[in-house]
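Chemist: One file is attached below, protein-v6.tsv, containing TSV, C-alpha atoms.
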chain	number	residue	atom	x	y	z
A	1	MET	CA	14.90	26.65	-40.43
A	2	ASN	CA	15.97	28.73	-37.46
A	3	LYS	CA	14.84	27.48	-34.09
A	4	CYS	CA	12.58	29.92	-32.25
A	5	THR	CA	14.11	31.29	-29.07
A	6	ASP	CA	10.95	32.88	-27.71
A	7	SER	CA	9.90	30.19	-25.24
A	8	ASP	CA	7.11	32.40	-23.91
A	9	ILE	CA	5.39	32.38	-27.30
A	10	GLN	CA	6.06	28.66	-27.76
A	11	GLU	CA	4.33	27.87	-24.50
A	12	LEU	CA	1.26	29.85	-25.55
A	13	LEU	CA	0.74	28.02	-28.84
A	14	PRO	CA	-1.59	25.38	-27.34
A	15	ASP	CA	-3.68	28.19	-25.84
A	16	LEU	CA	-3.85	29.81	-29.27
A	17	LEU	CA	-5.06	26.49	-30.63
A	18	HIS	CA	-7.81	26.25	-28.00
A	19	GLY	CA	-8.84	29.89	-28.39
A	20	ALA	CA	-7.94	30.52	-24.77
A	21	LEU	CA	-5.92	33.71	-25.24
A	22	ALA	CA	-7.10	37.22	-24.49
A	23	GLU	CA	-7.34	39.58	-27.48
A	24	ALA	CA	-4.09	41.45	-26.87
A	25	GLU	CA	-2.13	38.27	-26.24
A	26	LYS	CA	-3.64	36.54	-29.24
A	27	ALA	CA	-2.59	39.47	-31.45
A	28	ARG	CA	0.95	39.27	-30.09
A	29	VAL	CA	1.21	35.50	-30.70
A	30	ASP	CA	-0.37	35.77	-34.16
A	31	ALA	CA	2.12	38.46	-35.15
A	32	HIS	CA	5.03	36.31	-34.02
A	33	VAL	CA	3.79	33.14	-35.71
A	34	ALA	CA	3.32	35.01	-38.99
A	35	THR	CA	7.07	35.60	-39.20
A	36	CYS	CA	8.44	32.51	-37.40
A	37	GLU	CA	8.74	29.29	-39.41
A	38	SER	CA	9.63	27.24	-36.35
A	39	CYS	CA	6.45	28.27	-34.54
A	40	GLN	CA	4.41	27.65	-37.69
A	41	GLU	CA	5.75	24.09	-37.74
A	42	ASP	CA	5.00	23.70	-34.02
A	43	LEU	CA	1.47	24.91	-34.58
A	44	ASP	CA	0.99	22.39	-37.42
A	45	VAL	CA	2.21	19.58	-35.16
A	46	LEU	CA	-0.11	20.70	-32.39
A	47	ARG	CA	-3.08	20.80	-34.77
A	48	THR	CA	-2.31	17.29	-35.95
A	49	VAL	CA	-1.99	15.97	-32.40
A	50	LYS	CA	-5.16	17.72	-31.28
A	51	SER	CA	-7.19	16.36	-34.18
A	52	ALA	CA	-5.87	12.84	-33.51
A	53	ALA	CA	-7.63	12.85	-30.15
A	54	VAL	CA	-10.90	11.77	-31.74
A	55	PHE	CA	-9.99	8.07	-31.35
A	56	ALA	CA	-11.51	7.76	-27.94
A	57	PRO	CA	-14.68	5.67	-27.90
A	58	SER	CA	-17.91	7.52	-27.25
A	59	ILE	CA	-19.16	7.12	-23.70
A	60	ASP	CA	-22.70	6.01	-22.89
A	61	VAL	CA	-23.62	8.75	-20.44
A	62	ASP	CA	-26.80	7.08	-19.15
A	63	ARG	CA	-24.93	3.88	-18.43
A	64	VAL	CA	-22.33	5.77	-16.42
A	65	VAL	CA	-24.99	7.71	-14.51
A	66	ARG	CA	-26.81	4.49	-13.60
A	67	GLN	CA	-23.69	3.32	-11.74
A	68	ILE	CA	-23.44	6.46	-9.63
A	69	PRO	CA	-24.82	5.89	-6.13
A	70	PRO	CA	-27.23	8.47	-4.70
A	71	TYR	CA	-25.72	11.29	-2.72
A	72	ARG	CA	-25.33	10.79	0.98
A	73	ALA	CA	-23.98	13.77	2.82
A	74	ILE	CA	-20.98	12.96	4.91
A	75	VAL	CA	-22.03	13.45	8.52
A	76	PRO	CA	-19.30	15.09	10.57
A	77	ALA	CA	-17.56	12.39	12.54
A	78	VAL	CA	-18.93	12.14	16.07
A	79	GLU	CA	-16.43	9.49	17.05
A	80	ALA	CA	-13.61	11.99	17.39
A	81	PRO	CA	-14.69	13.47	20.72
A	82	ALA	CA	-15.54	9.98	21.96
A	83	ARG	CA	-12.07	8.78	21.06
A	84	THR	CA	-10.64	11.76	22.94
A	85	ARG	CA	-12.68	10.84	25.99
A	86	VAL	CA	-11.54	7.23	25.76
A	87	ALA	CA	-7.95	8.35	25.39
A	88	SER	CA	-8.32	10.60	28.44
A	89	TRP	CA	-9.67	7.70	30.49
A	90	LEU	CA	-6.81	5.49	29.33
A	91	VAL	CA	-4.27	8.11	30.38
A	92	ALA	CA	-5.99	8.51	33.74
A	93	ALA	CA	-6.08	4.73	34.24
A	94	THR	CA	-2.38	4.46	33.40
A	95	VAL	CA	-1.48	7.21	35.84
A	96	ALA	CA	-3.62	5.58	38.54
A	97	LEU	CA	-1.91	2.25	37.89
A	98	PHE	CA	1.50	3.88	38.30
A	99	VAL	CA	0.47	5.59	41.51
A	100	VAL	CA	-1.13	2.50	43.06
A	101	GLY	CA	1.63	0.17	41.87
A	102	GLY	CA	4.33	2.54	43.02
A	103	GLY	CA	2.57	3.04	46.32
A	104	SER	CA	2.49	-0.73	46.84
A	105	VAL	CA	6.22	-0.92	46.17
A	106	LEU	CA	6.91	1.85	48.62
A	107	MET	CA	4.68	0.33	51.28
A	108	THR	CA	6.43	-3.02	50.91
A	109	ARG	CA	9.81	-1.35	51.23
A	110	GLN	CA	8.74	0.65	54.22
A	111	ASN	CA	7.25	-2.36	55.98
A	112	SER	CA	10.40	-4.42	55.44
A	113	SER	CA	13.03	-1.79	56.27
A	114	GLY	CA	11.15	0.62	58.48
A	115	THR	CA	12.99	3.53	56.95
A	116	SER	CA	11.55	6.41	55.10
A	117	VAL	CA	11.75	6.42	51.36
A	118	LYS	CA	13.20	9.40	49.66
A	119	ALA	CA	13.55	10.35	46.08
A	120	PRO	CA	16.72	9.76	44.12
A	121	PRO	CA	18.09	12.70	42.22
A	122	ILE	CA	15.86	13.23	39.22
A	123	ASP	CA	16.03	16.03	36.72
A	124	SER	CA	12.33	16.61	36.61
A	125	ALA	CA	10.97	19.01	39.14
A	126	ALA	CA	7.71	17.13	39.31
A	127	GLN	CA	8.32	14.25	41.66
A	128	VAL	CA	5.99	12.32	43.87
A	129	ALA	CA	7.42	10.74	46.95
A	130	ILE	CA	5.93	9.19	50.00
A	131	THR	CA	7.61	10.85	52.89
A	132	GLN	CA	5.69	9.63	55.91
A	133	PRO	CA	6.03	5.94	56.78
A	134	SER	CA	3.22	6.07	59.33
A	135	ALA	CA	0.72	7.35	56.81
A	136	PRO	CA	1.45	5.69	53.47
A	137	SER	CA	-1.72	6.90	51.87
A	138	ARG	CA	-0.60	10.48	52.06
A	139	VAL	CA	1.24	11.60	49.01
A	140	ALA	CA	3.28	14.75	49.00
A	141	VAL	CA	4.31	16.64	45.89
A	142	ALA	CA	7.96	17.44	46.25
A	143	THR	CA	9.55	20.64	45.05
A	144	PRO	CA	13.14	20.63	43.82
A	145	ASN	CA	14.31	20.84	47.39
A	146	PRO	CA	17.78	19.41	48.00
A	147	LYS	CA	16.67	18.20	51.43
A	148	ILE	CA	14.10	15.89	49.88
A	149	ALA	CA	15.96	14.84	46.74
A	150	GLU	CA	19.02	13.45	48.35
A	151	PRO	CA	21.62	11.44	46.39
A	152	ALA	CA	20.56	7.89	45.69
A	153	SER	CA	23.87	6.51	46.87
A	154	SER	CA	22.95	7.26	50.46
A	155	HIS	CA	19.59	5.45	50.04
A	156	PRO	CA	20.12	2.46	47.80
A	157	HIS	CA	16.47	1.36	47.90
A	158	ALA	CA	14.98	4.72	47.29
A	159	LEU	CA	12.30	4.91	44.68
A	160	ALA	CA	10.79	7.91	43.07
A	161	LEU	CA	7.77	8.11	40.89
A	162	ALA	CA	8.10	10.72	38.23
A	163	ALA	CA	4.97	12.44	37.13
A	164	GLU	CA	6.16	11.80	33.58
A	165	ALA	CA	8.27	8.76	32.87
A	166	ASP	CA	10.02	10.65	30.09
A	167	GLY	CA	11.41	13.03	32.70
A	168	LEU	CA	13.47	10.33	34.40
A	169	SER	CA	17.20	10.59	34.00
A	170	ASP	CA	19.24	7.53	33.00
A	171	ARG	CA	20.37	7.12	36.57
A	172	GLY	CA	16.81	7.32	37.84
A	173	LEU	CA	15.67	4.71	35.32
A	174	VAL	CA	18.46	2.33	36.37
A	175	GLN	CA	17.47	2.79	39.97
A	176	LEU	CA	13.85	2.11	39.16
A	177	MET	CA	14.75	-1.07	37.23
A	178	ASN	CA	16.92	-2.34	40.07
A	179	ASP	CA	14.10	-1.82	42.52
A	180	MET	CA	11.65	-3.61	40.28
A	181	ASP	CA	13.99	-6.60	40.01
A	182	THR	CA	13.93	-7.05	43.73
A	183	PHE	CA	10.22	-6.41	44.11
A	184	ASP	CA	8.91	-9.15	46.42
A	185	ALA	CA	5.30	-8.97	45.35
A	186	LEU	CA	6.05	-10.19	41.82
A	187	PRO	CA	5.85	-13.90	41.19
A	188	GLY	CA	9.28	-15.43	41.07
A	189	SER	CA	8.58	-17.54	38.00
A	190	ASP	CA	5.80	-18.65	35.71
A	191	PRO	CA	3.11	-20.79	37.31
A	192	ASP	CA	3.66	-24.52	37.15
A	193	PRO	CA	2.01	-26.13	34.16
A	194	VAL	CA	-1.22	-27.93	34.90
A	195	ILE	CA	-1.34	-31.41	33.42
A	196	SER	CA	-4.88	-32.47	32.71
A	197	VAL	CA	-5.84	-36.08	32.71
A	198	ASP	CA	-7.37	-36.94	29.38
A	199	SER	CA	-10.40	-39.17	29.56
A	200	GLY	CA	-9.67	-40.52	26.10
A	201	ASP	CA	-12.76	-39.04	24.47
A	202	SER	CA	-10.93	-36.37	22.55
A	203	LEU	CA	-9.13	-36.85	19.24
B	1	MET	CA	-21.79	31.47	-16.78
B	2	THR	CA	-21.82	30.83	-20.54
B	3	PRO	CA	-25.08	30.60	-22.45
B	4	SER	CA	-26.30	27.17	-23.55
B	5	PRO	CA	-27.24	26.48	-27.18
B	6	GLU	CA	-30.87	27.08	-26.20
B	7	GLY	CA	-29.99	30.56	-24.98
B	8	ARG	CA	-30.31	29.70	-21.28
B	9	PRO	CA	-27.28	30.41	-19.14
B	10	GLU	CA	-25.13	27.31	-18.79
B	11	GLU	CA	-24.94	26.09	-15.21
B	12	THR	CA	-21.50	25.86	-13.70
B	13	ASP	CA	-20.13	22.57	-12.45
B	14	MET	CA	-20.51	23.71	-8.86
B	15	GLU	CA	-24.16	24.56	-9.40
B	16	LEU	CA	-24.79	21.16	-10.95
B	17	ILE	CA	-23.01	19.49	-8.03
B	18	ASP	CA	-25.26	21.34	-5.58
B	19	ARG	CA	-28.31	20.29	-7.56
B	20	TRP	CA	-27.20	16.66	-7.54
B	21	LYS	CA	-26.64	16.79	-3.80
B	22	ALA	CA	-30.18	18.12	-3.46
B	23	GLY	CA	-31.44	14.99	-5.19
B	24	ASP	CA	-31.62	16.05	-8.85
B	25	SER	CA	-30.25	13.08	-10.81
B	26	ARG	CA	-30.42	15.06	-14.07
B	27	ALA	CA	-27.57	17.18	-12.76
B	28	ALA	CA	-25.39	14.06	-12.69
B	29	THR	CA	-26.33	13.36	-16.31
B	30	ARG	CA	-25.30	16.90	-17.27
B	31	LEU	CA	-21.97	16.61	-15.46
B	32	VAL	CA	-21.15	13.21	-16.95
B	33	GLY	CA	-22.16	14.39	-20.41
B	34	ARG	CA	-20.00	17.48	-20.06
B	35	HIS	CA	-16.79	15.71	-19.04
B	36	SER	CA	-16.96	12.06	-20.11
B	37	GLN	CA	-15.52	12.51	-23.61
B	38	ALA	CA	-12.58	14.54	-22.33
B	39	LEU	CA	-11.84	11.74	-19.87
B	40	ALA	CA	-12.07	9.16	-22.63
B	41	ARG	CA	-9.70	11.16	-24.84
B	42	PHE	CA	-7.22	11.59	-22.02
B	43	ALA	CA	-7.27	7.84	-21.33
B	44	ALA	CA	-6.82	7.01	-25.00
B	45	SER	CA	-3.96	9.43	-25.49
B	46	ALA	CA	-2.32	8.22	-22.28
B	47	GLY	CA	-2.02	4.80	-23.88
B	48	GLU	CA	-5.15	3.04	-22.63
B	49	ARG	CA	-6.49	0.72	-25.29
B	50	ASP	CA	-9.10	-1.48	-23.64
B	51	GLY	CA	-11.82	-0.70	-21.18
B	52	ILE	CA	-11.80	3.06	-21.58
B	53	GLU	CA	-15.55	3.30	-20.97
B	54	GLU	CA	-15.18	1.26	-17.81
B	55	LEU	CA	-12.34	3.51	-16.72
B	56	VAL	CA	-14.42	6.63	-17.29
B	57	GLN	CA	-17.30	5.05	-15.41
B	58	ASP	CA	-15.09	4.17	-12.44
B	59	THR	CA	-13.75	7.71	-12.45
B	60	PHE	CA	-17.23	9.19	-12.15
B	61	VAL	CA	-18.35	6.67	-9.53
B	62	ARG	CA	-15.36	7.54	-7.37
B	63	ALA	CA	-15.68	11.24	-7.99
B	64	PHE	CA	-19.37	11.37	-7.09
B	65	ALA	CA	-18.76	9.26	-4.00
B	66	SER	CA	-16.31	11.86	-2.72
B	67	LEU	CA	-17.77	15.07	-4.10
B	68	ASP	CA	-17.87	16.52	-0.60
B	69	SER	CA	-14.09	16.66	-0.68
B	70	PHE	CA	-14.15	18.72	-3.88
B	71	ARG	CA	-13.96	22.36	-2.82
B	72	GLY	CA	-13.56	23.92	-6.24
B	73	ALA	CA	-9.92	24.90	-5.75
B	74	SER	CA	-9.29	23.47	-9.21
B	75	THR	CA	-11.79	22.94	-11.99
B	76	LEU	CA	-13.93	19.82	-11.78
B	77	ARG	CA	-12.35	18.53	-14.99
B	78	THR	CA	-8.85	18.82	-13.57
B	79	TRP	CA	-9.99	16.97	-10.46
B	80	LEU	CA	-11.57	14.25	-12.62
B	81	PHE	CA	-8.34	13.89	-14.63
B	82	THR	CA	-6.46	13.42	-11.38
B	83	ILE	CA	-8.81	10.64	-10.27
B	84	GLU	CA	-8.70	8.99	-13.69
B	85	ARG	CA	-4.91	9.12	-13.77
B	86	ARG	CA	-4.71	7.36	-10.40
B	87	LEU	CA	-7.07	4.68	-11.65
B	88	MET	CA	-4.93	4.21	-14.76
B	89	LEU	CA	-1.82	3.83	-12.63
B	90	ASP	CA	-3.60	1.29	-10.39
B	91	ARG	CA	-4.77	-0.60	-13.43
B	92	ARG	CA	-1.29	-0.71	-14.95
B	93	ARG	CA	0.20	-1.93	-11.69
B	94	ALA	CA	-2.40	-4.68	-11.53
B	95	GLU	CA	-1.76	-5.62	-15.16
B	96	ARG	CA	1.97	-5.75	-14.52
B	97	ARG	CA	1.41	-8.08	-11.57
B	98	SER	CA	-0.89	-10.36	-13.53
B	99	ARG	CA	1.58	-10.42	-16.43
B	100	GLU	CA	4.23	-11.62	-14.03
B	101	THR	CA	2.10	-14.53	-12.90
B	102	VAL	CA	-0.16	-15.41	-15.82
B	103	PRO	CA	1.35	-16.31	-19.19
B	104	VAL	CA	0.12	-14.13	-22.04
B	105	GLN	CA	-2.45	-15.91	-24.16
B	106	GLU	CA	-2.51	-15.73	-27.91
B	107	ALA	CA	-6.07	-14.41	-27.73
B	108	ASP	CA	-4.81	-11.39	-25.77
B	109	HIS	CA	-2.65	-10.34	-28.71
B	110	VAL	CA	-5.55	-10.75	-31.08
B	111	SER	CA	-8.04	-8.76	-28.99
B	112	GLU	CA	-5.53	-5.97	-28.34
B	113	TYR	CA	-4.65	-5.75	-32.00
B	114	GLY	CA	-8.32	-5.73	-32.91
B	115	ALA	CA	-9.06	-2.92	-30.48
B	116	LEU	CA	-6.15	-0.92	-31.78
B	117	ASP	CA	-7.15	-1.57	-35.32
B	118	SER	CA	-10.63	-0.26	-34.69
B	119	LEU	CA	-9.30	2.87	-33.05
B	120	ILE	CA	-6.84	3.80	-35.72
B	121	ALA	CA	-8.67	4.86	-38.82
B	122	GLU	CA	-6.20	6.94	-40.75
B	123	GLU	CA	-2.51	6.84	-41.36
B	124	ALA	CA	-1.87	10.36	-40.06
B	125	GLN	CA	-3.56	9.49	-36.80
B	126	GLU	CA	-1.46	6.36	-36.42
B	127	ARG	CA	1.65	8.44	-36.93
B	128	VAL	CA	0.56	10.71	-34.12
B	129	ARG	CA	-0.07	7.73	-31.88
B	130	LYS	CA	3.38	6.38	-32.65
B	131	SER	CA	4.97	9.73	-31.98
B	132	LEU	CA	3.21	9.86	-28.61
B	133	ASP	CA	4.42	6.35	-27.88
B	134	ALA	CA	7.95	7.65	-28.28
B	135	LEU	CA	7.44	9.91	-25.26
B	136	SER	CA	7.96	8.95	-21.65
B	137	PRO	CA	4.69	8.34	-19.74
B	138	THR	CA	4.91	11.69	-17.95
B	139	GLN	CA	5.83	13.58	-21.13
B	140	ARG	CA	2.87	11.98	-22.88
B	141	GLU	CA	0.48	12.94	-20.10
B	142	VAL	CA	1.71	16.52	-19.95
B	143	PHE	CA	1.73	16.93	-23.72
B	144	THR	CA	-1.74	15.51	-24.30
B	145	LEU	CA	-3.25	17.41	-21.39
B	146	ARG	CA	-1.76	20.59	-22.81
B	147	VAL	CA	-2.45	20.07	-26.50
B	148	GLN	CA	-5.57	17.93	-26.60
B	149	GLN	CA	-7.30	19.11	-23.42
B	150	GLY	CA	-6.01	22.68	-23.31
B	151	LEU	CA	-5.11	22.58	-19.63
B	152	SER	CA	-2.81	25.23	-18.19
B	153	TYR	CA	0.58	24.25	-16.78
B	154	LYS	CA	-0.76	24.85	-13.28
B	155	GLU	CA	-3.66	22.45	-13.86
B	156	ILE	CA	-1.36	19.88	-15.45
B	157	ALA	CA	0.94	20.06	-12.44
B	158	GLU	CA	-2.06	19.28	-10.22
B	159	VAL	CA	-3.09	16.29	-12.32
B	160	VAL	CA	0.34	14.68	-12.58
B	161	GLY	CA	1.44	15.68	-9.08
B	162	SER	CA	4.33	17.84	-10.22
B	163	THR	CA	5.28	21.51	-10.50
B	164	GLU	CA	4.46	24.07	-13.17
B	165	GLY	CA	8.14	24.37	-14.06
B	166	ALA	CA	8.49	20.62	-14.50
B	167	ALA	CA	5.35	20.56	-16.64
B	168	ARG	CA	6.81	23.25	-18.93
B	169	VAL	CA	10.03	21.29	-19.32
B	170	HIS	CA	8.12	18.09	-20.11
B	171	TYR	CA	6.05	19.96	-22.69
B	172	HIS	CA	9.11	21.44	-24.44
B	173	ASN	CA	10.89	18.09	-24.55
B	174	ALA	CA	7.75	16.37	-25.77
B	175	ILE	CA	7.05	18.73	-28.65
B	176	GLN	CA	10.65	18.44	-29.83
B	177	THR	CA	10.40	14.63	-29.82
B	178	VAL	CA	7.02	14.59	-31.57
B	179	LYS	CA	8.16	17.11	-34.16
B	180	GLU	CA	11.30	15.13	-34.99
B	181	PHE	CA	9.32	11.90	-35.16
B	182	LEU	CA	6.76	13.33	-37.55
B	183	ARG	CA	9.45	14.99	-39.64
B	184	ASP	CA	11.39	11.73	-40.03
B	185	GLU	CA	8.36	9.59	-40.89
Once you've parsed the file, please lay out its structure as structure tokens.

Modeler:
Amino acid sequence: MNKCTDSDIQELLPDLLHGALAEAEKARVDAHVATCESCQEDLDVLRTVKSAAVFAPSIDVDRVVRQIPPYRAIVPAVEAPARTRVASWLVAATVALFVVGGGSVLMTRQNSSGTSVKAPPIDSAAQVAITQPSAPSRVAVATPNPKIAEPASSHPHALALAAEADGLSDRGLVQLMNDMDTFDALPGSDPDPVISVDSGDSL
Amino acid sequence: MTPSPEGRPEETDMELIDRWKAGDSRAATRLVGRHSQALARFAASAGERDGIEELVQDTFVRAFASLDSFRGASTLRTWLFTIERRLMLDRRRAERRSRETVPVQEADHVSEYGALDSLIAEEAQERVRKSLDALSPTQREVFTLRVQQGLSYKEIAEVVGSTEGAARVHYHNAIQTVKEFLRDE
């Protein structure tokens, strides 16, 4: 028996079996099958396989339906905007922490050295630097002005607060880490352990 | 809309879904009645032997619980097949895990054989089952969905999470294997 080479017709045989072909297509497939032994054999196999599908147990429809819970429309999630608000507050709190913490560092530096603090060279144009020692609460937004962003080597204790930490260059990060290591306000070590005197009631 | 045996126009699946959402429990009965046997046949031909009714039930419970996510991009039956297939895969994974930890009891062999025995009534049908067993799991799914359920290659690709081209290749390979098996028997 010659093998059929018309794969288009072969693929349509299951549709022929299920009566899913349009009239014109059905006529074309029928005409081919009438002269093609290979497709006739395929069709016989498909009929056998299709008829063998009756083994499945019959399903008790009422029993299935009884297990289906009643419909409850899914209410559009109202938590999403709330989460956004919470996230916004978290971002704002983080920024405030950076500003206050950084300001404390700068104030400590200024009080101890009495020199003005200037920004180290940082790639980002958005820098915040405290430029007036007499008024530490005033914060000026610096522009990429070479007079303000002087090289860090001339001011070893300079500290800059980037508006976005990701914008810090490697050199800026190293500078920031060095400054944090020498930060006086941090505790030098963990608190001493407290030894409680057991009365003997426990255990 | 096709006419029902009583002459009334047959409601579409989407219309029945809307009715069920509006509180008409009879719509659920119509939907389950319309698709449950196809699901049972698919499970049986995919190699499931025990608990097919439970599997079909779980499929409907899950489907109805998430009907809001069904937009009608595919037919409801295709969507149900997809859910059922995932449940079958979960079940097989669980069985594989339990087989690794729990020794197989003699009673398990007996009950499985008994279930098989009750399903297979004629010799020709057993030959078909054996020929399907000779296929890979994916070939078997594609072949039975195409031949027994009449799904298109596009629908089959959706159910098995593949492409139309891959489904065609699986079908061609499967029919060659089945044909040779039945010829040699």

Chemist: To one decimal place in Å, what is the distance between atom CA of B:Ser45 and atom CA of B:Ser131?

Modeler: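 Distance reported for this atom pair: 11.0 Å.
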
Chemist: Env of B:Ala63: 12 Å cut, atoms = only C-alpha atoms, seq-sep filter 4 positions within chain, self excluded. Answer as a list of chain:residue names.

Modeler: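 Skipping anything fewer than 4 positions along the chain leaves A:Val65, A:Gln67, A:Ile68, A:Pro69, A:Tyr71, B:Ile17, B:Ala28, B:Leu31, B:Val32, B:His35, B:Val56, B:Gln57, B:Asp58, B:Thr59, B:Leu67, B:Asp68, B:Ser69, B:Phe70, B:Leu76, B:Arg77, B:Thr78, B:Trp79, B:Leu80, B:Phe81, B:Thr82, B:Ile83, B:Glu84, B:Arg86, B:Leu87.
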
Chemist: I'd like the interatomic distance between atom CA of B:Arg129 and atom CA of B:Ala40, to a tenth of an Å.

Modeler: 15.2 Å

Chemist: Can you work out the spacing between atom CA of B:Arg146 and atom CA of A:Val64 in Å, to one decimal?

Modeler: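 Calculated distance between atom CA of B:Arg146 and atom CA of A:Val64 is 26.1 Å.
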
Chemist: Give me the chain A side of the contact with chain B, cut-off 12 Å, one line per residue showing its nearest atom pair and distance in Å at one decimal, counting all atoms listed in the file, sorted by chain and residue number, as CSV.

Modeler:
residue,atom,partner,partner_atom,distance
A:Lys3,CA,B:Gln176,CA,10.8
A:Cys4,CA,B:Gln176,CA,11.9
A:Thr5,CA,B:His172,CA,12.0
A:Ser7,CA,B:His172,CA,8.8
A:Asp8,CA,B:Arg168,CA,10.4
A:Ile9,CA,B:His172,CA,11.9
A:Gln10,CA,B:His172,CA,8.5
A:Glu11,CA,B:Arg168,CA,7.6
A:Leu12,CA,B:Ser152,CA,9.6
A:Leu13,CA,B:Val147,CA,8.9
A:Pro14,CA,B:Val147,CA,5.4
A:Asp15,CA,B:Gly150,CA,6.5
A:Leu16,CA,B:Gly150,CA,9.5
A:Leu17,CA,B:Val147,CA,8.1
A:His18,CA,B:Gly150,CA,6.2
A:Gly19,CA,B:Gly150,CA,9.3
A:Ala20,CA,B:Gly150,CA,8.2
A:Leu21,CA,B:Gly150,CA,11.2
A:Ser38,CA,B:Lys179,CA,10.5
A:Cys39,CA,B:Ile175,CA,11.2
A:Gln40,CA,B:Lys179,CA,11.7
A:Glu41,CA,B:Lys179,CA,8.2
A:Asp42,CA,B:Lys179,CA,7.3
A:Leu43,CA,B:Val147,CA,10.2
A:Asp44,CA,B:Lys179,CA,9.5
A:Val45,CA,B:Lys179,CA,6.5
A:Leu46,CA,B:Val147,CA,6.4
A:Arg47,CA,B:Val147,CA,8.3
A:Thr48,CA,B:Val128,CA,7.4
A:Val49,CA,B:Val128,CA,6.1
A:Lys50,CA,B:Gln148,CA,4.7
A:Ser51,CA,B:Gln148,CA,7.9
A:Ala52,CA,B:Gln125,CA,5.2
A:Ala53,CA,B:Arg41,CA,5.9
A:Val54,CA,B:Arg41,CA,7.0
A:Phe55,CA,B:Leu119,CA,5.5
A:Ala56,CA,B:Arg41,CA,4.9
A:Pro57,CA,B:Ala40,CA,6.8
A:Ser58,CA,B:Gln37,CA,6.6
A:Ile59,CA,B:Glu53,CA,5.9
A:Asp60,CA,B:Glu53,CA,7.9
A:Val61,CA,B:Gly33,CA,5.8
A:Asp62,CA,B:Thr29,CA,6.9
A:Arg63,CA,B:Gln57,CA,8.3
A:Val64,CA,B:Gln57,CA,5.2
A:Val65,CA,B:Thr29,CA,6.1
A:Arg66,CA,B:Thr29,CA,9.3
A:Gln67,CA,B:Val61,CA,6.7
A:Ile68,CA,B:Val61,CA,5.1
A:Pro69,CA,B:Ala65,CA,7.3
A:Pro70,CA,B:Gly23,CA,7.8
A:Tyr71,CA,B:Lys21,CA,5.7
A:Arg72,CA,B:Lys21,CA,7.8
A:Ala73,CA,B:Asp68,CA,7.5
A:Ile74,CA,B:Asp68,CA,7.3
A:Val75,CA,B:Asp68,CA,10.5
A:Pro76,CA,B:Asp68,CA,11.4

Chemist: Adding 4 Å on each side of the box along x, y and z that holds all listed atoms of stretch 69-85 of chain B, could you give its centre and edge lengths in Å to one decimal, as JSON?

Modeler:
{"center_x": -9.5, "center_y": 16.9, "center_z": -7.8, "size_x": 17.2, "size_y": 23.9, "size_z": 22.3}
